$ cat entry-v9.pdb   # PDB, C-alpha atoms
MODEL        1
ATOM      1  CA  ILE A   1     -10.141  51.733 -43.613
ATOM      2  CA  GLU A   2     -12.407  54.667 -42.858
ATOM      3  CA  ARG A   3     -12.957  57.194 -45.636
ATOM      4  CA  VAL A   4     -12.863  60.888 -44.777
ATOM      5  CA  GLU A   5     -13.834  63.579 -47.288
ATOM      6  CA  SER A   6     -11.496  66.521 -47.884
ATOM      7  CA  GLY A   7     -11.480  69.303 -50.458
ATOM      8  CA  GLY A   8     -13.044  72.393 -51.975
ATOM      9  CA  GLY A   9     -12.913  75.969 -50.809
ATOM     10  CA  PHE A  10     -12.872  79.658 -51.702
ATOM     11  CA  LEU A  11     -10.464  82.469 -50.900
ATOM     12  CA  TRP A  12     -10.555  84.070 -47.467
ATOM     13  CA  ASP A  13      -9.899  87.803 -47.125
ATOM     14  CA  SER A  14      -6.821  88.653 -45.076
ATOM     15  CA  GLY A  15      -7.784  88.699 -41.412
ATOM     16  CA  VAL A  16      -8.218  86.749 -38.187
ATOM     17  CA  TYR A  17     -10.768  83.932 -38.126
ATOM     18  CA  ASP A  18     -12.375  81.483 -35.762
ATOM     19  CA  ALA A  19     -12.305  78.161 -37.592
ATOM     20  CA  ASN A  20     -12.611  74.421 -37.181
ATOM     21  CA  ILE A  21     -10.064  71.865 -38.317
ATOM     22  CA  LYS A  22     -11.811  69.642 -40.848
ATOM     23  CA  MET A  23      -8.875  67.466 -41.863
ATOM     24  CA  VAL A  24      -5.189  66.929 -41.052
ATOM     25  CA  TYR A  25      -3.078  64.297 -42.793
ATOM     26  CA  LEU A  26       0.584  63.581 -43.452
ATOM     27  CA  ASP A  27       2.051  62.966 -46.884
ATOM     28  CA  GLN A  28       5.431  62.181 -48.413
ATOM     29  CA  SER A  29       6.988  63.477 -51.626
ATOM     30  CA  VAL A  30       9.006  61.463 -54.144
ATOM     31  CA  ASN A  31      12.111  62.947 -52.509
ATOM     32  CA  ASN A  32      10.956  61.721 -49.074
ATOM     33  CA  ALA A  33      10.038  65.141 -47.691
ATOM     34  CA  ILE A  34       7.087  64.940 -45.293
ATOM     35  CA  SER A  35       4.174  67.380 -45.330
ATOM     36  CA  PHE A  36       1.533  68.328 -42.770
ATOM     37  CA  ASN A  37      -1.676  69.073 -44.687
ATOM     38  CA  ILE A  38      -4.497  70.949 -43.023
ATOM     39  CA  GLU A  39      -8.009  71.861 -44.083
ATOM     40  CA  LEU A  40      -9.923  74.529 -42.161
ATOM     41  CA  VAL A  41     -13.491  75.784 -42.398
ATOM     42  CA  ASN A  42     -14.582  79.183 -41.064
ATOM     43  CA  SER A  43     -17.941  80.403 -39.769
ATOM     44  CA  ASP A  44     -19.004  81.321 -43.327
ATOM     45  CA  GLY A  45     -18.460  77.744 -44.440
ATOM     46  CA  LYS A  46     -15.417  78.619 -46.549
ATOM     47  CA  LYS A  47     -12.645  76.042 -46.631
ATOM     48  CA  LEU A  48      -8.909  76.665 -46.671
ATOM     49  CA  GLU A  49      -6.235  74.090 -47.420
ATOM     50  CA  GLU A  50      -2.528  74.534 -46.800
ATOM     51  CA  THR A  51       0.565  72.336 -46.783
ATOM     52  CA  PHE A  52       3.470  72.751 -44.365
ATOM     53  CA  TRP A  53       6.676  70.786 -44.972
ATOM     54  CA  VAL A  54       7.735  69.306 -41.644
ATOM     55  CA  ARG A  55      10.742  67.321 -42.878
ATOM     56  CA  SER A  56      13.169  68.153 -45.665
ATOM     57  CA  GLY A  57      13.796  65.882 -48.651
ATOM     58  CA  ASN A  58      16.797  63.756 -49.559
ATOM     59  CA  ALA A  59      18.874  66.697 -50.806
ATOM     60  CA  LYS A  60      18.757  68.354 -47.360
ATOM     61  CA  GLY A  61      19.143  65.229 -45.288
ATOM     62  CA  ASN A  62      15.513  64.434 -44.373
ATOM     63  CA  LYS A  63      15.669  66.720 -41.342
ATOM     64  CA  THR A  64      13.112  68.630 -39.292
ATOM     65  CA  TRP A  65      15.690  71.300 -38.473
ATOM     66  CA  TYR A  66      18.416  73.407 -40.070
ATOM     67  CA  THR A  67      21.634  74.948 -38.753
ATOM     68  CA  THR A  68      22.003  78.731 -38.646
ATOM     69  CA  LYS A  69      25.210  80.545 -39.586
ATOM     70  CA  SER A  70      26.023  80.745 -35.889
ATOM     71  CA  GLY A  71      25.740  76.951 -35.592
ATOM     72  CA  LYS A  72      22.405  76.877 -33.769
ATOM     73  CA  LYS A  73      19.774  74.287 -34.680
ATOM     74  CA  GLN A  74      16.334  75.678 -35.540
ATOM     75  CA  PRO A  75      13.160  73.849 -36.628
ATOM     76  CA  ILE A  76      12.309  74.311 -40.306
ATOM     77  CA  PRO A  77       9.384  76.734 -40.806
ATOM     78  CA  GLY A  78       6.785  74.088 -41.652
ATOM     79  CA  TYR A  79       7.678  72.011 -38.623
ATOM     80  CA  LEU A  80       7.369  75.088 -36.400
ATOM     81  CA  PHE A  81       3.898  75.828 -37.843
ATOM     82  CA  ALA A  82       2.717  72.276 -37.144
ATOM     83  CA  ASP A  83       4.221  72.230 -33.658
ATOM     84  CA  ASN A  84       2.699  75.591 -32.714
ATOM     85  CA  LEU A  85      -0.710  74.421 -33.938
ATOM     86  CA  CYS A  86      -0.529  71.251 -31.837
ATOM     87  CA  ARG A  87       0.638  73.154 -28.773
ATOM     88  CA  ALA A  88      -2.120  75.771 -29.106
ATOM     89  CA  VAL A  89      -4.944  73.309 -29.761
ATOM     90  CA  LEU A  90      -3.935  70.186 -27.833
ATOM     91  CA  ASN A  91      -1.260  71.504 -25.463
ATOM     92  CA  THR A  92       1.188  68.904 -26.758
ATOM     93  CA  THR A  93       3.991  68.687 -29.332
ATOM     94  CA  PHE A  94       3.745  67.763 -32.979
ATOM     95  CA  GLU A  95       6.068  64.793 -32.387
ATOM     96  CA  GLU A  96       3.659  63.391 -29.803
ATOM     97  CA  VAL A  97       0.631  64.047 -31.998
ATOM     98  CA  ARG A  98       2.078  62.485 -35.142
ATOM     99  CA  GLN A  99       2.555  59.184 -33.293
ATOM    100  CA  THR A 100      -1.248  58.923 -33.042
ATOM    101  CA  ALA A 101      -1.842  59.164 -36.810
ATOM    102  CA  GLU A 102      -4.218  56.540 -38.222
ATOM    103  CA  ASN A 103      -4.376  55.361 -41.825
ATOM    104  CA  LYS A 104      -7.625  56.488 -43.438
ATOM    105  CA  VAL A 105      -8.839  57.129 -46.978
ATOM    106  CA  VAL A 106      -8.858  60.851 -47.774
ATOM    107  CA  THR A 107      -9.950  62.517 -51.015
ATOM    108  CA  VAL A 108      -6.875  64.436 -52.223
ATOM    109  CA  TYR A 109      -5.633  65.931 -55.489
ATOM    110  CA  ASN A 110      -3.663  63.563 -57.703
ATOM    111  CA  LYS A 111      -1.340  65.296 -60.192
ATOM    112  CA  GLU A 112      -1.133  62.336 -62.549
ATOM    113  CA  GLN A 113      -4.913  61.985 -62.795
ATOM    114  CA  GLY A 114      -5.539  65.736 -62.628
ATOM    115  CA  LYS A 115      -8.351  65.363 -60.107
ATOM    116  CA  ARG A 116      -9.126  64.520 -56.487
ATOM    117  CA  VAL A 117      -9.148  60.798 -55.770
ATOM    118  CA  PRO A 118      -9.598  58.634 -52.627
ATOM    119  CA  THR A 119      -6.121  57.915 -51.249
ATOM    120  CA  GLU A 120      -4.901  56.285 -48.050
ATOM    121  CA  LYS A 121      -2.991  58.742 -45.820
ATOM    122  CA  PRO A 122      -1.931  58.941 -42.147
ATOM    123  CA  VAL A 123      -4.634  61.124 -40.567
ATOM    124  CA  ILE A 124      -4.151  62.955 -37.255
ATOM    125  CA  THR A 125      -7.627  62.355 -35.878
ATOM    126  CA  SER A 126      -6.962  64.078 -32.540
ATOM    127  CA  LEU A 127      -6.932  67.452 -34.325
ATOM    128  CA  ILE A 128     -10.065  66.939 -36.430
ATOM    129  CA  ASN A 129     -13.098  69.072 -35.463
ATOM    130  CA  LYS A 130     -11.044  71.088 -32.991
ATOM    131  CA  PRO A 131     -11.779  74.858 -32.889
ATOM    132  CA  ILE A 132      -8.878  77.254 -33.481
ATOM    133  CA  LYS A 133      -8.107  80.869 -34.245
ATOM    134  CA  VAL A 134      -5.999  81.593 -37.337
ATOM    135  CA  ALA A 135      -4.427  84.621 -39.016
ATOM    136  CA  VAL A 136      -4.748  84.374 -42.796
ATOM    137  CA  HIS A 137      -3.142  86.383 -45.587
ATOM    138  CA  GLN A 138      -4.383  86.627 -49.167
ATOM    139  CA  VAL A 139      -1.346  86.390 -51.451
ATOM    140  CA  ILE A 140      -0.761  86.848 -55.191
ATOM    141  CA  GLU A 141       2.004  84.569 -56.477
ATOM    142  CA  ASP A 142       3.460  83.376 -59.775
ATOM    143  CA  ARG A 143       2.031  80.420 -61.616
ATOM    144  CA  THR A 144       4.923  78.161 -62.533
ATOM    145  CA  ALA A 145       5.562  75.429 -65.089
ATOM    146  CA  LYS A 146       8.340  72.899 -65.595
ATOM    147  CA  THR A 147      10.970  74.028 -68.103
ATOM    148  CA  ALA A 148      13.089  71.929 -70.479
ATOM    149  CA  ASN A 149      15.774  71.456 -67.821
ATOM    150  CA  GLY A 150      13.221  70.094 -65.365
ATOM    151  CA  GLU A 151      13.068  73.154 -63.116
ATOM    152  CA  TYR A 152       9.971  75.243 -62.427
ATOM    153  CA  ALA A 153       9.844  78.863 -63.593
ATOM    154  CA  PRO A 154       7.209  81.658 -63.616
ATOM    155  CA  THR A 155       4.855  81.552 -66.609
ATOM    156  CA  GLY A 156       3.944  85.246 -66.511
ATOM    157  CA  LEU A 157       0.538  84.394 -65.062
ATOM    158  CA  THR A 158      -0.434  84.715 -61.404
ATOM    159  CA  ARG A 159      -2.814  83.116 -58.946
ATOM    160  CA  THR A 160      -4.253  84.246 -55.609
ATOM    161  CA  ILE A 161      -3.950  81.929 -52.625
ATOM    162  CA  ASN A 162      -4.284  81.993 -48.845
ATOM    163  CA  ASN A 163      -1.406  81.566 -46.395
ATOM    164  CA  CYS A 164      -1.925  80.788 -42.714
ATOM    165  CA  LYS A 165       0.424  83.044 -40.748
ATOM    166  CA  PHE A 166      -0.039  81.591 -37.249
ATOM    167  CA  PHE A 167      -2.523  79.708 -35.078
ATOM    168  CA  GLY A 168      -4.002  80.071 -31.604
ATOM    169  CA  ASN A 169      -6.515  78.536 -29.231
ATOM    170  CA  THR A 170     -10.122  79.672 -28.919
ATOM    171  CA  GLU A 171      -9.068  82.324 -26.390
ATOM    172  CA  GLY A 172      -6.820  83.861 -29.025
ATOM    173  CA  LYS A 173      -3.544  82.802 -27.431
ATOM    174  CA  THR A 174      -0.677  81.552 -29.576
ATOM    175  CA  ALA A 175       1.536  78.665 -28.466
ATOM    176  CA  GLU A 176       4.200  81.166 -27.398
ATOM    177  CA  GLU A 177       1.734  83.237 -25.349
ATOM    178  CA  ILE A 178       0.431  80.073 -23.667
ATOM    179  CA  GLN A 179       3.938  78.860 -22.865
ATOM    180  CA  LYS A 180       5.043  82.235 -21.450
ATOM    181  CA  GLY A 181       1.784  82.903 -19.608
ATOM    182  CA  GLU A 182       1.274  86.129 -21.578
ATOM    183  CA  SER A 183      -1.937  87.925 -22.507
ATOM    184  CA  ALA A 184      -3.484  87.305 -25.932
ATOM    185  CA  THR A 185      -2.213  90.255 -27.992
ATOM    186  CA  LYS A 186      -0.572  88.888 -31.152
ATOM    187  CA  PHE A 187      -3.782  88.360 -33.122
ATOM    188  CA  ASP A 188      -5.079  91.871 -32.401
ATOM    189  CA  LYS A 189      -1.771  93.500 -33.358
ATOM    190  CA  TRP A 190      -1.557  91.484 -36.573
ATOM    191  CA  ALA A 191      -5.189  92.201 -37.494
ATOM    192  CA  GLN A 192      -4.742  95.967 -37.090
ATOM    193  CA  LYS A 193      -1.910  95.902 -39.614
ATOM    194  CA  ASN A 194      -3.029  93.237 -42.068
ATOM    195  CA  THR A 195      -6.835  92.892 -42.214
ATOM    196  CA  GLY A 196      -8.043  93.321 -45.799
ATOM    197  CA  THR A 197      -4.553  93.580 -47.324
ATOM    198  CA  VAL A 198      -3.385  91.594 -50.358
ATOM    199  CA  ILE A 199       0.314  90.737 -50.615
ATOM    200  CA  ASP A 200       1.771  90.531 -54.124
ATOM    201  CA  THR A 201       4.862  88.302 -54.255
ATOM    202  CA  SER A 202       4.745  87.754 -58.016
ATOM    203  CA  THR A 203       7.515  88.730 -60.405
ATOM    204  CA  THR A 204       4.940  90.742 -62.350
ATOM    205  CA  SER A 205       4.638  93.160 -59.427
ATOM    206  CA  LYS A 206       7.047  96.093 -59.496
ATOM    207  CA  ASP A 207       6.851  96.584 -55.743
ATOM    208  CA  SER A 208       6.612  92.973 -54.617
ATOM    209  CA  ASN A 209       6.590  92.374 -50.871
ATOM    210  CA  SER A 210       7.348  89.141 -49.067
ATOM    211  CA  ALA A 211       4.296  87.786 -47.295
ATOM    212  CA  ALA A 212       6.615  85.841 -45.020
ATOM    213  CA  ASN A 213       8.071  89.067 -43.686
ATOM    214  CA  ILE A 214       4.782  90.826 -43.025
ATOM    215  CA  MET A 215       3.568  90.083 -39.512
TER     216      MET A 215
ENDMDL
END
$ encode --input "entry-v9.pdb" --output "structure tokens"
Amino acid sequence: IERVESGGGFLWDSGVYDANIKMVYLDQSVNNAISFNIELVNSDGKKLEETFWVRSGNAKGNKTWYTTKSGKKQPIPGYLFADNLCRAVLNTTFEEVRQTAENKVVTVYNKEQGKRVPTEKPVITSLINKPIKVAVHQVIEDRTAKTANGEYAPTGLTRTINNCKFFGNTEGKTAEEIQKGESATKFDKWAQKNTGTVIDTSTTSKDSNSAANIM
């Protein structure tokens, strides 16, 4: 099995970046939820890692979709992120791309050992080293810890992370703009509003805003 290195990184300021996909692998939680894990590197050499959950766990039926109040099926947010990335970069769906995953050894963080260790994961090699454009937010969120009842709760401390908001091809077109034959405008509009901002979602912030709602 081939070994592929993954890891490291520093915070990116909020903004739009040209980047390369360094690593993409799938993972599964103890509750059988499936994640799509991506590592990007920008022109400054900074790395960014993010996890998108593309299938729910046992409690929600191991589904890639949910049903709205009106009865309409919609893809879960993480699945939509992964699908839009695949459509923008490879002009194909996530379902088609995931079928090409190959087992390789990737260096990933292990909670039990408290460090990054070589671990076999399904790697989507067709996405590796592909150039993309990405909108990134810098977000302040709560640090959490497991309580006596087994649930996670804020500790009163915070951490700053990066969230990918959406992806596009090298021309700056999102999957939606490509599909509809529209001009590339979403990145520019988002950048005008969000470049350099920091979103505070923590409970310690008196005027906390939801990063998910800021586009």
$ atom_distance --input "entry-v9.pdb" --atom1 "atom CA of A:Glu177" --atom2 "atom CA of A:Asn91"
12.1 Å
$ residues_around --input "entry-v9.pdb" --residues "stretch 98-104 of chain A" --least-positions-apart "3" --cutoff "12 Å" --atoms "only C-alpha atoms" --output "mmCIF file with C-alpha atoms, in the coordinates of the input"
data_model
loop_
_atom_site.group_PDB
_atom_site.id
_atom_site.type_symbol
_atom_site.label_atom_id
_atom_site.label_comp_id
_atom_site.auth_asym_id
_atom_site.auth_seq_id
_atom_site.Cartn_x
_atom_site.Cartn_y
_atom_site.Cartn_z
ATOM 1 C CA ILE A 1 -10.141 51.733 -43.613
ATOM 2 C CA GLU A 2 -12.407 54.667 -42.858
ATOM 3 C CA ARG A 3 -12.957 57.194 -45.636
ATOM 4 C CA VAL A 4 -12.863 60.888 -44.777
ATOM 5 C CA GLU A 5 -13.834 63.579 -47.288
ATOM 6 C CA SER A 6 -11.496 66.521 -47.884
ATOM 7 C CA MET A 23 -8.875 67.466 -41.863
ATOM 8 C CA VAL A 24 -5.189 66.929 -41.052
ATOM 9 C CA TYR A 25 -3.078 64.297 -42.793
ATOM 10 C CA LEU A 26 0.584 63.581 -43.452
ATOM 11 C CA ASP A 27 2.051 62.966 -46.884
ATOM 12 C CA ILE A 34 7.087 64.940 -45.293
ATOM 13 C CA SER A 35 4.174 67.380 -45.330
ATOM 14 C CA PHE A 36 1.533 68.328 -42.770
ATOM 15 C CA VAL A 54 7.735 69.306 -41.644
ATOM 16 C CA TYR A 79 7.678 72.011 -38.623
ATOM 17 C CA ALA A 82 2.717 72.276 -37.144
ATOM 18 C CA ASP A 83 4.221 72.230 -33.658
ATOM 19 C CA CYS A 86 -0.529 71.251 -31.837
ATOM 20 C CA THR A 92 1.188 68.904 -26.758
ATOM 21 C CA THR A 93 3.991 68.687 -29.332
ATOM 22 C CA PHE A 94 3.745 67.763 -32.979
ATOM 23 C CA GLU A 95 6.068 64.793 -32.387
ATOM 24 C CA THR A 107 -9.950 62.517 -51.015
ATOM 25 C CA VAL A 108 -6.875 64.436 -52.223
ATOM 26 C CA PRO A 118 -9.598 58.634 -52.627
ATOM 27 C CA THR A 119 -6.121 57.915 -51.249
ATOM 28 C CA GLU A 120 -4.901 56.285 -48.050
ATOM 29 C CA LYS A 121 -2.991 58.742 -45.820
ATOM 30 C CA PRO A 122 -1.931 58.941 -42.147
ATOM 31 C CA VAL A 123 -4.634 61.124 -40.567
ATOM 32 C CA ILE A 124 -4.151 62.955 -37.255
ATOM 33 C CA THR A 125 -7.627 62.355 -35.878
ATOM 34 C CA SER A 126 -6.962 64.078 -32.540
ATOM 35 C CA LEU A 127 -6.932 67.452 -34.325
ATOM 36 C CA ILE A 128 -10.065 66.939 -36.430
#
$ closest_residue --input "entry-v9.pdb" --among "A:Lys130, A:Arg55, A:Lys111, A:Lys173" --to "A:Asn32" --atoms "only C-alpha atoms"
A:Arg55
$ residues_around --input "entry-v9.pdb" --residues "A:Cys164" --least-positions-apart "6" --cutoff "7 Å" --atoms "all atoms listed in the file" --output "PyMOL selection string"
chain A and resi 134-137
$ closest_residue --input "entry-v9.pdb" --among "A:Ile199, A:Ile132, A:Ile76, A:Val117" --to "A:Ser43" --atoms "all atoms listed in the file"
A:Ile132
$ atom_distance --input "entry-v9.pdb" --atom1 "atom CA of A:Asp13" --atom2 "atom CA of A:Tyr109"
23.8 Å
$ closest_residue --input "entry-v9.pdb" --among "A:Gly45, A:Asp200, A:Ile38, A:Ala59" --to "A:Phe10" --atoms "all atoms listed in the file"
A:Gly45
$ closest_residue --input "entry-v9.pdb" --among "A:Ile140, A:Gly150, A:Lys180, A:Asp188" --to "A:Thr204" --atoms "only C-alpha atoms"
A:Ile140
$ atom_distance --input "entry-v9.pdb" --atom1 "atom CA of A:Asn110" --atom2 "atom CA of A:Val30"
13.3 Å
$ closest_residue --input "entry-v9.pdb" --among "A:Asn84, A:Phe167, A:Val16, A:Ser56" --to "A:Gln179" --atoms "only C-alpha atoms"
A:Asn84
$ closest_residue --input "entry-v9.pdb" --among "A:Asn31, A:Val106, A:Leu11, A:Lys189" --to "A:Asn58" --atoms "all atoms listed in the file"
A:Asn31
$ resolve_selection --input "entry-v9.pdb" --expression "the PyMOL selection byres ((chain A and resi 197) around 10)" --output "PyMOL selection string"
chain A and resi 13-15+137-139+191+193-196+198-200
$ resolve_selection --input "entry-v9.pdb" --expression "the PyMOL selection byres ((chain A and resi 143) around 9)" --output "list in words"
Glu141, Asp142, Thr144, Ala145, Ala153, Pro154, Thr155, Gly156, Leu157, Thr158, Arg159 and Ser202 of chain A
$ residues_around --input "entry-v9.pdb" --residues "A:Glu39" --least-positions-apart "6" --cutoff "6 Å" --atoms "all atoms listed in the file" --output "NGL selection string"
:A and (22-23 or 48-49)
